[in-house]
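What follows is the content of my_file30.txt (compact mmCIF, C-alpha atoms).
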```txt
# COMPACT_ATOMS: atom_id res chain seq x y z
CA MET A 1 95.52 165.64 60.60
CA ALA A 2 93.62 164.39 57.56
CA SER A 3 93.58 160.68 56.83
CA PRO A 4 96.11 160.85 53.92
CA GLY A 5 98.76 162.35 56.22
CA THR A 6 97.94 159.88 58.98
CA LEU A 7 98.07 157.00 56.50
CA VAL A 8 101.53 158.10 55.34
CA LEU A 9 102.75 158.16 58.95
CA ILE A 10 101.24 154.72 59.65
CA LEU A 11 102.87 153.20 56.57
CA ALA A 12 106.16 154.90 57.45
CA ALA A 13 105.98 153.27 60.89
CA ALA A 14 105.16 149.92 59.25
CA ALA A 15 108.19 150.24 56.97
CA LEU A 16 110.47 151.33 59.82
CA ALA A 17 109.52 148.42 62.09
CA PRO A 18 111.35 145.66 60.11
CA LEU A 19 114.45 147.89 59.97
CA LEU A 20 114.39 148.17 63.75
CA VAL A 21 114.03 144.39 64.05
CA HIS A 22 117.09 143.99 61.83
CA ALA A 23 119.08 146.66 63.71
CA THR A 24 118.40 145.15 67.15
CA GLY A 25 118.45 141.49 66.10
CA SER A 26 122.08 140.90 67.03
CA ARG A 27 121.42 142.02 70.62
CA VAL A 28 117.84 141.07 71.43
CA ARG A 29 115.07 139.45 69.37
CA VAL A 30 112.03 141.72 69.54
CA PRO A 31 108.84 140.65 67.72
CA LEU A 32 107.95 142.85 64.78
CA VAL A 33 104.48 143.61 66.15
CA VAL A 34 105.98 145.18 69.27
CA PHE A 35 107.86 147.77 67.21
CA GLU A 36 104.71 148.41 65.16
CA ILE A 37 102.66 149.05 68.29
CA VAL A 38 105.34 151.14 70.01
CA LEU A 39 105.78 153.30 66.91
CA GLY A 40 102.02 153.72 66.82
CA VAL A 41 102.01 154.92 70.42
CA LEU A 42 104.87 157.30 69.59
CA ILE A 43 103.14 159.01 66.65
CA GLY A 44 99.74 158.88 68.33
CA PRO A 45 97.86 161.68 70.08
CA GLN A 46 99.24 160.87 73.55
CA VAL A 47 102.93 161.32 72.68
CA LEU A 48 103.87 163.28 69.53
CA GLY A 49 100.30 163.88 68.38
CA TRP A 50 101.12 163.47 64.71
CA ALA A 51 98.56 160.79 63.81
CA ASP A 52 94.84 160.97 64.45
CA PRO A 53 92.89 158.05 62.92
CA ASP A 54 89.52 158.71 61.33
CA GLU A 55 86.80 156.45 59.98
CA VAL A 56 88.83 155.48 56.91
CA ILE A 57 91.87 154.48 58.96
CA ASP A 58 89.73 152.56 61.46
CA THR A 59 88.08 150.64 58.61
CA LEU A 60 91.46 149.69 57.18
CA ALA A 61 92.61 148.60 60.65
CA ASP A 62 89.51 146.41 61.01
CA LEU A 63 90.33 144.84 57.65
CA GLY A 64 93.86 144.23 58.93
CA LEU A 65 92.55 142.35 61.97
CA SER A 66 90.21 140.35 59.72
CA MET A 67 93.11 139.49 57.41
CA LEU A 68 95.20 138.34 60.38
CA ILE A 69 92.43 136.00 61.55
CA PHE A 70 91.81 134.86 57.96
CA LEU A 71 95.46 133.86 57.51
CA ALA A 72 95.38 132.03 60.84
CA GLY A 73 92.34 130.07 59.68
CA TYR A 74 94.08 129.23 56.40
CA GLU A 75 97.09 127.77 58.20
CA ILE A 76 95.04 125.16 60.07
CA GLU A 77 95.34 121.64 58.68
CA PHE A 78 92.33 119.96 60.26
CA ALA A 79 93.37 116.58 58.89
CA ALA A 80 96.55 116.84 60.97
CA VAL A 81 94.99 118.13 64.22
CA ARG A 82 92.06 115.73 64.50
CA GLY A 83 91.80 112.90 67.02
CA ASP A 84 93.26 113.03 70.50
CA THR A 85 95.11 116.31 69.91
CA LEU A 86 91.92 118.08 68.84
CA ARG A 87 89.93 116.61 71.75
CA ARG A 88 92.52 117.82 74.25
CA SER A 89 92.56 121.30 72.75
CA LEU A 90 88.74 121.42 72.83
CA TRP A 91 88.72 120.50 76.53
CA ALA A 92 91.46 122.95 77.48
CA TRP A 93 89.70 126.08 76.27
CA PRO A 94 86.40 125.70 78.25
CA LEU A 95 88.49 125.11 81.36
CA SER A 96 90.33 128.35 80.62
CA LEU A 97 87.04 130.19 80.09
CA ALA A 98 85.53 128.94 83.36
CA LEU A 99 88.70 129.88 85.24
CA GLY A 100 88.92 133.25 83.49
CA ILE A 101 85.31 134.22 84.18
CA GLY A 102 85.67 133.11 87.81
CA LEU A 103 88.73 135.33 88.23
CA GLY A 104 86.90 138.06 86.30
CA PHE A 105 84.18 138.07 88.95
CA LEU A 106 86.80 138.58 91.65
CA ILE A 107 88.58 141.34 89.73
CA SER A 108 85.36 143.17 88.83
CA GLY A 109 83.84 142.90 92.28
CA GLY A 110 80.93 140.80 91.02
CA ALA A 111 80.07 142.83 87.89
CA VAL A 112 78.77 140.10 85.59
CA PHE A 113 79.43 141.59 82.16
CA GLU A 114 82.83 142.99 83.09
CA ALA A 115 83.70 139.48 84.30
CA PHE A 116 82.67 138.13 80.89
CA VAL A 117 84.89 140.67 79.13
CA VAL A 118 87.92 140.05 81.33
CA GLY A 119 87.42 136.29 81.43
CA THR A 120 87.09 135.97 77.66
CA ALA A 121 90.15 138.16 77.05
CA LEU A 122 92.23 135.90 79.30
CA THR A 123 91.53 132.85 77.12
CA SER A 124 92.66 134.01 73.69
CA THR A 125 95.68 132.91 71.66
CA ALA A 126 97.37 135.04 68.99
CA LEU A 127 97.50 132.23 66.45
CA GLY A 128 98.14 134.65 63.59
CA THR A 129 101.21 135.90 65.44
CA ILE A 130 102.78 132.60 66.53
CA LEU A 131 102.18 130.52 63.39
CA PRO A 132 104.54 132.60 61.20
CA MET A 133 107.25 132.04 63.82
CA LEU A 134 106.83 128.27 63.66
CA ARG A 135 106.47 128.24 59.88
CA ASP A 136 109.66 130.23 59.31
CA SER A 137 111.59 128.10 61.82
CA GLY A 138 110.57 124.96 59.92
CA GLU A 139 108.45 123.47 62.73
CA LEU A 140 104.91 124.29 61.63
CA ARG A 141 104.41 120.98 59.79
CA GLY A 142 106.12 118.90 62.49
CA ARG A 143 104.49 117.33 65.53
CA PHE A 144 105.04 120.35 67.79
CA GLY A 145 103.74 122.77 65.17
CA THR A 146 100.64 120.62 64.66
CA VAL A 147 99.86 120.62 68.38
CA VAL A 148 100.39 124.39 68.62
CA SER A 149 98.07 124.83 65.63
CA ALA A 150 95.35 122.74 67.28
CA PHE A 151 95.44 124.49 70.66
CA GLY A 152 95.96 127.88 69.02
CA ALA A 153 93.02 127.40 66.64
CA VAL A 154 90.67 126.70 69.53
CA GLY A 155 92.17 129.64 71.44
CA GLU A 156 91.47 131.87 68.44
CA PHE A 157 88.03 130.50 67.57
CA GLY A 158 86.69 129.97 71.10
CA PRO A 159 86.88 133.62 72.25
CA VAL A 160 85.19 134.76 69.03
CA VAL A 161 82.30 132.39 69.76
CA ALA A 162 82.21 133.56 73.38
CA MET A 163 82.08 137.18 72.20
CA ALA A 164 79.07 136.31 70.05
CA LEU A 165 77.29 134.61 72.96
CA LEU A 166 78.25 136.76 75.94
CA LEU A 167 79.04 140.23 74.58
CA SER A 168 76.57 140.70 71.73
CA GLY A 169 74.00 142.57 73.83
CA ARG A 170 71.35 139.95 72.99
CA ARG A 171 69.84 137.22 75.11
CA PRO A 172 72.13 134.14 75.20
CA ALA A 173 69.43 131.92 73.63
CA GLU A 174 69.02 134.33 70.71
CA SER A 175 72.77 134.60 70.23
CA ALA A 176 73.11 130.80 70.34
CA ALA A 177 70.40 130.41 67.70
CA LEU A 178 72.10 132.91 65.39
CA LEU A 179 75.46 131.25 65.98
CA ALA A 180 73.96 127.85 65.16
CA ALA A 181 72.44 129.26 61.97
CA PHE A 182 75.79 130.74 60.95
CA GLY A 183 77.45 127.41 61.72
CA ALA A 184 74.92 125.56 59.55
CA VAL A 185 75.58 127.88 56.61
CA THR A 186 79.33 127.50 57.14
CA VAL A 187 79.01 123.70 57.13
CA LEU A 188 77.16 123.91 53.82
CA ALA A 189 79.96 126.12 52.52
CA VAL A 190 82.51 123.51 53.63
CA PHE A 191 80.66 120.81 51.71
CA TRP A 192 80.65 123.13 48.70
CA ALA A 193 84.39 123.72 49.10
CA LEU A 194 85.03 119.96 49.23
CA ARG A 195 83.25 119.36 45.93
CA PRO A 196 85.54 118.98 42.90
CA ARG A 197 85.98 122.31 41.19
CA PRO A 198 85.43 122.48 37.43
CA ALA A 199 88.53 122.13 35.30
CA TRP A 200 88.33 125.74 34.12
CA PHE A 201 88.89 126.99 37.70
CA GLY A 202 92.41 125.57 37.82
CA ARG A 203 93.19 126.66 34.26
CA ILE A 204 92.07 130.24 34.86
CA THR A 205 93.98 130.32 38.14
CA GLU A 206 97.25 129.31 36.50
CA ARG A 207 96.68 131.43 33.38
CA THR A 208 96.02 134.67 35.31
CA LEU A 209 98.45 134.14 38.19
CA HIS A 210 101.19 136.14 36.48
CA SER A 211 98.93 138.63 34.75
CA SER A 212 96.81 141.59 35.80
CA GLY A 213 93.78 139.28 36.04
CA GLN A 214 94.85 137.54 39.30
CA PHE A 215 91.64 135.49 39.32
CA ALA A 216 92.55 133.34 42.33
CA VAL A 217 93.52 136.31 44.50
CA ARG A 218 90.31 138.10 43.58
CA PHE A 219 88.33 134.94 44.33
CA VAL A 220 89.95 134.67 47.76
CA MET A 221 89.08 138.30 48.53
CA LEU A 222 85.50 137.67 47.38
CA LEU A 223 85.23 134.63 49.65
CA LEU A 224 86.58 136.66 52.59
CA ALA A 225 84.12 139.49 51.91
CA CYS A 226 81.21 137.03 51.64
CA MET A 227 82.01 135.40 54.99
CA LEU A 228 82.51 138.77 56.70
CA GLY A 229 79.17 139.89 55.28
CA LEU A 230 77.49 136.65 56.37
CA ALA A 231 78.70 137.11 59.94
CA GLU A 232 77.46 140.69 59.87
CA VAL A 233 74.03 139.59 58.59
CA PHE A 234 73.73 137.15 61.48
CA GLY A 235 74.75 139.88 63.92
CA LEU A 236 77.97 138.08 64.87
CA ASP A 237 81.50 139.38 65.14
CA VAL A 238 83.09 139.57 61.70
CA LEU A 239 86.19 137.78 63.03
CA LEU A 240 84.12 134.60 63.05
CA GLY A 241 83.57 135.06 59.33
CA ALA A 242 87.25 135.82 58.74
CA PHE A 243 88.36 132.59 60.41
CA ALA A 244 85.77 130.56 58.47
CA ALA A 245 86.89 132.21 55.23
CA GLY A 246 90.48 131.13 55.87
CA VAL A 247 89.41 127.52 56.38
CA LEU A 248 87.23 127.54 53.24
CA THR A 249 89.95 129.15 51.14
CA ARG A 250 92.41 126.40 52.04
CA LEU A 251 89.91 123.70 51.08
CA VAL A 252 89.06 125.34 47.75
CA LEU A 253 92.62 126.14 46.65
CA HIS A 254 94.13 122.80 47.65
CA ARG A 255 91.46 120.94 45.71
CA ALA A 256 91.03 123.20 42.70
CA ALA A 257 94.59 124.43 42.10
CA PRO A 258 97.03 122.42 44.26
CA ALA A 259 100.03 123.38 42.14
CA SER A 260 99.33 127.10 42.50
CA SER A 261 97.86 127.29 46.01
CA ALA A 262 101.16 128.17 47.71
CA GLU A 263 101.83 131.00 45.25
CA VAL A 264 98.28 132.31 45.60
CA LEU A 265 98.65 132.31 49.38
CA GLY A 266 101.96 134.13 49.03
CA ARG A 267 100.27 136.94 47.13
CA VAL A 268 97.46 137.16 49.71
CA GLU A 269 100.04 137.18 52.50
CA ALA A 270 101.92 139.97 50.75
CA MET A 271 98.74 142.04 50.80
CA GLY A 272 98.09 141.11 54.43
CA PHE A 273 101.52 141.29 56.05
CA GLY A 274 102.71 144.02 53.69
CA PHE A 275 99.84 146.44 54.26
CA LEU A 276 96.73 145.54 56.24
CA VAL A 277 98.12 143.62 59.24
CA PRO A 278 100.89 146.12 60.15
CA LEU A 279 98.34 148.92 59.71
CA PHE A 280 96.16 147.20 62.33
CA TYR A 281 99.04 146.94 64.80
CA VAL A 282 100.21 150.54 64.30
CA VAL A 283 96.65 151.83 64.75
CA THR A 284 96.41 149.69 67.91
CA GLY A 285 99.37 151.66 69.25
CA ILE A 286 97.92 154.99 68.14
CA GLU A 287 94.63 154.29 69.92
CA PHE A 288 96.26 152.79 73.02
CA ASP A 289 95.21 154.77 76.10
CA LEU A 290 98.67 155.45 77.50
CA ASP A 291 97.45 158.21 79.82
CA ALA A 292 94.98 155.88 81.53
CA LEU A 293 97.82 153.46 82.19
CA LEU A 294 100.53 155.87 83.32
CA HIS A 295 98.37 158.13 85.48
CA ASP A 296 96.71 155.32 87.40
CA PRO A 297 99.12 153.34 89.61
CA VAL A 298 96.55 150.56 90.01
CA ALA A 299 96.18 150.18 86.24
CA LEU A 300 99.95 150.07 85.85
CA LEU A 301 100.30 147.41 88.56
CA LEU A 302 97.61 145.34 86.86
CA VAL A 303 99.77 144.90 83.74
CA PRO A 304 102.14 142.27 85.22
CA PHE A 305 99.19 140.80 87.11
CA PHE A 306 97.22 140.27 83.89
CA LEU A 307 100.32 138.89 82.17
CA LEU A 308 100.55 136.28 84.93
CA LEU A 309 96.85 135.53 84.53
CA PHE A 310 97.29 134.98 80.78
CA VAL A 311 99.83 132.27 81.57
CA LEU A 312 97.80 130.71 84.40
CA VAL A 313 94.33 130.89 82.84
CA ARG A 314 95.24 129.96 79.26
CA GLY A 315 98.59 128.23 79.71
CA GLY A 316 97.69 126.17 82.79
CA PRO A 317 94.93 124.03 81.20
CA VAL A 318 96.97 123.74 77.99
CA TYR A 319 99.95 122.37 79.94
CA LEU A 320 97.77 119.90 81.85
CA LEU A 321 95.99 118.62 78.72
CA ALA A 322 98.92 118.68 76.31
CA PRO A 323 99.44 115.38 74.40
CA ARG A 324 101.43 112.87 76.43
CA ASP A 325 103.99 112.29 73.70
CA LEU A 326 105.38 115.80 74.21
CA GLY A 327 108.31 116.21 76.56
CA ARG A 328 108.44 118.68 79.44
CA GLY A 329 110.07 121.37 77.36
CA ASP A 330 107.54 121.08 74.57
CA ARG A 331 104.60 121.08 77.01
CA ALA A 332 105.88 124.21 78.76
CA ALA A 333 106.60 125.91 75.44
CA LEU A 334 103.13 124.98 74.18
CA ALA A 335 101.58 126.61 77.25
CA LEU A 336 103.57 129.81 76.70
CA PHE A 337 102.76 129.95 72.98
CA ALA A 338 99.07 129.43 73.78
CA SER A 339 99.22 132.27 76.35
CA THR A 340 100.58 134.70 73.74
CA CYS A 341 97.76 137.06 72.84
CA LEU A 342 96.99 140.51 71.50
CA PRO A 343 94.62 140.85 68.52
CA LEU A 344 91.57 139.40 70.24
CA VAL A 345 92.40 141.15 73.51
CA VAL A 346 92.28 144.43 71.57
CA ALA A 347 88.98 143.45 69.96
CA ILE A 348 87.37 142.17 73.17
CA THR A 349 88.38 145.17 75.29
CA ALA A 350 87.23 147.54 72.53
CA ILE A 351 83.78 145.91 72.66
CA GLY A 352 83.80 146.17 76.45
CA VAL A 353 84.68 149.88 76.38
CA ASP A 354 82.19 150.65 73.59
CA GLN A 355 79.37 148.96 75.51
CA GLU A 356 80.51 150.63 78.76
CA LEU A 357 81.14 147.25 80.36
CA LEU A 358 84.84 147.92 80.97
CA GLY A 359 86.73 151.03 82.02
CA THR A 360 89.45 152.45 79.80
CA ASP A 361 92.01 151.95 82.56
CA ARG A 362 91.23 148.23 82.89
CA ALA A 363 91.23 147.89 79.09
CA ALA A 364 94.63 149.60 78.88
CA SER A 365 96.02 147.19 81.50
CA LEU A 366 94.80 144.16 79.56
CA VAL A 367 96.13 145.44 76.23
CA GLY A 368 99.44 146.43 77.83
CA ALA A 369 99.83 142.93 79.29
CA ALA A 370 98.94 141.42 75.90
CA MET A 371 101.65 143.54 74.25
CA ILE A 372 104.20 142.23 76.73
CA SER A 373 102.98 138.67 76.12
CA VAL A 374 103.88 139.00 72.44
CA LEU A 375 107.31 140.33 73.38
CA VAL A 376 108.18 137.88 76.16
CA LEU A 377 106.31 134.59 75.92
CA PRO A 378 107.34 133.28 72.45
CA LEU A 379 110.98 134.05 73.23
CA ALA A 380 110.67 132.34 76.62
CA ALA A 381 109.00 129.34 74.95
CA THR A 382 111.83 128.96 72.45
CA ARG A 383 114.53 129.17 75.11
CA LEU A 384 112.63 126.83 77.43
CA ARG A 385 112.41 124.16 74.72
CA THR A 386 116.15 124.41 74.20
CA ALA A 387 116.93 124.32 77.92
CA LEU A 388 114.67 121.31 78.59
CA GLY A 389 115.76 119.27 75.63
CA GLY A 390 113.40 120.37 72.86
CA PRO A 391 114.72 121.15 69.40
CA GLY A 392 114.36 124.91 69.92
CA ARG A 393 114.48 127.36 67.09
CA ARG A 394 116.19 126.46 63.85
CA LYS A 395 118.63 129.09 62.73
CA PRO A 396 117.81 130.69 59.38
CA GLY A 397 119.79 129.20 56.55
CA PRO A 398 122.00 131.18 54.22
CA GLY A 399 120.20 133.53 51.91
CA PRO A 400 118.89 137.06 51.69
CA ASP A 401 116.43 136.60 54.53
CA ALA A 402 118.85 135.08 57.02
CA ALA A 403 119.62 138.35 58.79
CA GLU A 404 116.04 139.39 59.06
CA GLY A 405 114.84 136.09 60.53
CA THR A 406 111.09 135.78 60.18
CA GLU A 407 108.06 137.88 59.43
CA ALA A 408 106.81 137.67 63.00
CA TRP A 409 110.20 138.29 64.53
```

Translate the structure described by the file into structure tokens.
Amino acid sequence: MASPGTLVLILAAAALAPLLVHATGSRVRVPLVVFEIVLGVLIGPQVLGWADPDEVIDTLADLGLSMLIFLAGYEIEFAAVRGDTLRRSLWAWPLSLALGIGLGFLISGGAVFEAFVVGTALTSTALGTILPMLRDSGELRGRFGTVVSAFGAVGEFGPVVAMALLLSGRRPAESAALLAAFGAVTVLAVFWALRPRPAWFGRITERTLHSSGQFAVRFVMLLLACMLGLAEVFGLDVLLGAFAAGVLTRLVLHRAAPASSAEVLGRVEAMGFGFLVPLFYVVTGIEFDLDALLHDPVALLLVPFFLLLFVLVRGGPVYLLAPRDLGRGDRAALALFASTCLPLVVAITAIGVDQELLGTDRAASLVGAAMISVLVLPLAATRLRTALGGPGRRKPGPGPDAAEGTEAW
């Protein structure tokens, strides 16, 4: 099928997913992304065979993943996560990586690069998926939300750095030098972002916000494109540039147009969550290798095994190094939120398959386990907090969005 027909089907699936969340919400709370992926599998070549992505669709899906990581980077308030919380989160991720690569060696039978792929995939956190849940429940700016943001940011950023060092196909020293150069340029960009913006920037932002000019939105898209291009120039994964662009955008908007920054972000989010991000998730379902999973009993059995490893490898160190002021329920919930993954697992396994470092059956098992993590772990974290004395999830207040809940759910 040509890309226009496939695009219509993908957008139809994206529009149907929130309706399914609403229809099933009174019985069971299923994350929106799960419906998007399942609908993608349904219309994909391995079930109904209606949708067949081409280069255009794949490019849009890549932009969707970049937008998801960009929005995750924007949400991070580094002023709030510094100090002991940041140090603990920075220690937890290397422990996860060492444990993941060690287990990867056992799983791969000693294949070094497959161990790197599996080990790195086990350490990621779907920050772009869990932050909307906390934001819409009113906990993102509280103590628990701040801690989740810190550990989640490292769990999002760390695997991207590991991909650049371990899975780039270059010598580690060369990759490290390029990564350091990219970091130096990014630091210079941060200093630029912290400089006071000229008065005209804020005036133009406010003047065009409700017109066809949309200067601030166009500026944000330019900044994202520049950072994606910079990462590409340095031969690094573009997700690194997307995350950096989110951080820079927050600094620029909050300094140059503080009164309008929330509205600007809302318009960028509408573009992301309304079009690009759901397109990424639906295409993930379309390209999911269901046959490799269902026709290989070993691959199918590996799904719950990898789900357990996500919790042990990523959640274990997070639980051990969680800030001491958190209660048992919050520490356990933090570990489960940190173990929730999917976008980077898709990206990492795709690199592994493309470079012939990972079989499609093993990749399908990892992605399948990551899908289940998005479905099960945030819900388990919320209920665990409630059961062990945490505040749990705030019920949506009265209003038009109360029935629908949140964007992520």

**Request:** Show which residues sit within 8 Å of Phe113 (chain A), as a ChimeraX atom specification. Count only C-alpha atoms, and ignore same-chain residues fewer than 3 positions away.
**Result:** /A:116-117,166-167,357

Test item: residues at most 12 Å from Gln214 (chain A), only C-alpha atoms, excluding those fewer than 2 positions along its chain, as a short mmCIF file (atom, residue, chain, number, x, y, z; two decimals) with C-alpha atoms, in the coordinates of the input:
```
data_model
loop_
_atom_site.label_atom_id
_atom_site.label_comp_id
_atom_site.auth_asym_id
_atom_site.auth_seq_id
_atom_site.Cartn_x
_atom_site.Cartn_y
_atom_site.Cartn_z
CA ILE A 204 92.07 130.24 34.86
CA THR A 205 93.98 130.32 38.14
CA GLU A 206 97.25 129.31 36.50
CA ARG A 207 96.68 131.43 33.38
CA THR A 208 96.02 134.67 35.31
CA LEU A 209 98.45 134.14 38.19
CA HIS A 210 101.19 136.14 36.48
CA SER A 211 98.93 138.63 34.75
CA SER A 212 96.81 141.59 35.80
CA ALA A 216 92.55 133.34 42.33
CA VAL A 217 93.52 136.31 44.50
CA ARG A 218 90.31 138.10 43.58
CA PHE A 219 88.33 134.94 44.33
CA VAL A 220 89.95 134.67 47.76
CA MET A 221 89.08 138.30 48.53
CA SER A 260 99.33 127.10 42.50
CA GLU A 263 101.83 131.00 45.25
CA VAL A 264 98.28 132.31 45.60
CA LEU A 265 98.65 132.31 49.38
CA ARG A 267 100.27 136.94 47.13
CA VAL A 268 97.46 137.16 49.71
#
```

**Request:** Determine, counting only C-alpha atoms, which protein, DNA and RNA residues have an atom within 9 Å of an atom of Leu103 (chain A); residues of the same chain fewer than 2 positions away are not included. Present the result as a ChimeraX atom specification.
**Result:** /A:98-101,105-108,115,118-119,309,313

Hey, which bits of region 4-69 of chain A sit within 10 Å of region 237-244 of chain A, and for each residue what's the closest pair of atoms and how far apart in Å (one decimal), counting only C-alpha atoms, rows by chain and increasing number, as a Markdown table?
```
| residue | atom | partner | partner_atom | distance |
| --- | --- | --- | --- | --- |
| A:Asp62 | CA | A:Val238 | CA | 9.4 |
| A:Leu63 | CA | A:Ala242 | CA | 9.6 |
| A:Leu65 | CA | A:Leu239 | CA | 7.9 |
| A:Ser66 | CA | A:Ala242 | CA | 5.5 |
| A:Met67 | CA | A:Ala242 | CA | 7.0 |
| A:Leu68 | CA | A:Ala242 | CA | 8.5 |
| A:Ile69 | CA | A:Phe243 | CA | 5.4 |
```

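The interatomic distance for the pair CA of Leu222 (chain A) and CA of Leu253 (chain A) works out to 13.6 Å.
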
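The two atoms in question, CA of Gly327 (chain A) and CA of Thr85 (chain A), are spaced 14.8 Å apart.
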
**Request:** Find the spatial neighbours of region 319-323 of chain A, counting only C-alpha atoms, within a cut-off of 12 Å - ignore same-chain residues fewer than 4 positions away - and output them as a ChimeraX atom specification.
**Result:** /A:81,83-96,143-144,146-148,150-151,311-315,327-339

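Nearest residue to Leu71 (chain A) among A:Val8, A:Val160, A:Leu248, A:Val41 is A:Leu248, counting only C-alpha atoms.
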
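Checking A:Pro18, A:Pro31, A:Gly213, A:Pro317 one by one against Thr129 (chain A), counting all atoms listed in the file, you find the shortest gap at A:Pro31.
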
**Message:** Set the distance at 10 Å and use all atoms listed in the file: which residues neighbour Leu39 (chain A) once local chain neighbours fewer than 3 positions away are removed? I'd like the list as a ChimeraX atom specification.
**Reply:** /A:9-10,12-14,16-17,33-36,42-44,281-283,285-286

**Message:** Calculated over only C-alpha atoms, which of the candidates A:Pro198, A:Pro4, A:Gly128, A:Gly25 has the smallest distance to Gly246 (chain A)?
**Reply:**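 For Gly246 (chain A), the nearest of the candidates is A:Gly128.
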
**Asked** What gap, in Å, lies between CA of Val30 (chain A) and CA of Leu375 (chain A)?
**Response**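 We find that CA of Val30 (chain A) and CA of Leu375 (chain A) lie 6.2 Å from each other.
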
**Message:** Ranking A:Ala257, A:Ala180, A:Ile351, A:Leu290 by minimum distance to Val38 (chain A) and counting only C-alpha atoms, which one comes first?
**Reply:**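 Distance minimum relative to Val38 (chain A) lands on A:Leu290.
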
**Fill in**
Judged by all atoms listed in the file, the minimum distance to Arg203 (chain A) among A:Val185, A:Val252, A:Ala177, A:Ala259 is found for A:Ala259

**Request:** Pick out the closest residue to Phe288 (chain A) from this set: A:Thr186, A:Gln46, A:Ser373, A:Ser175. Count all atoms listed in the file.
**Result:**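 Closest to Phe288 (chain A) of all the choices is A:Gln46.
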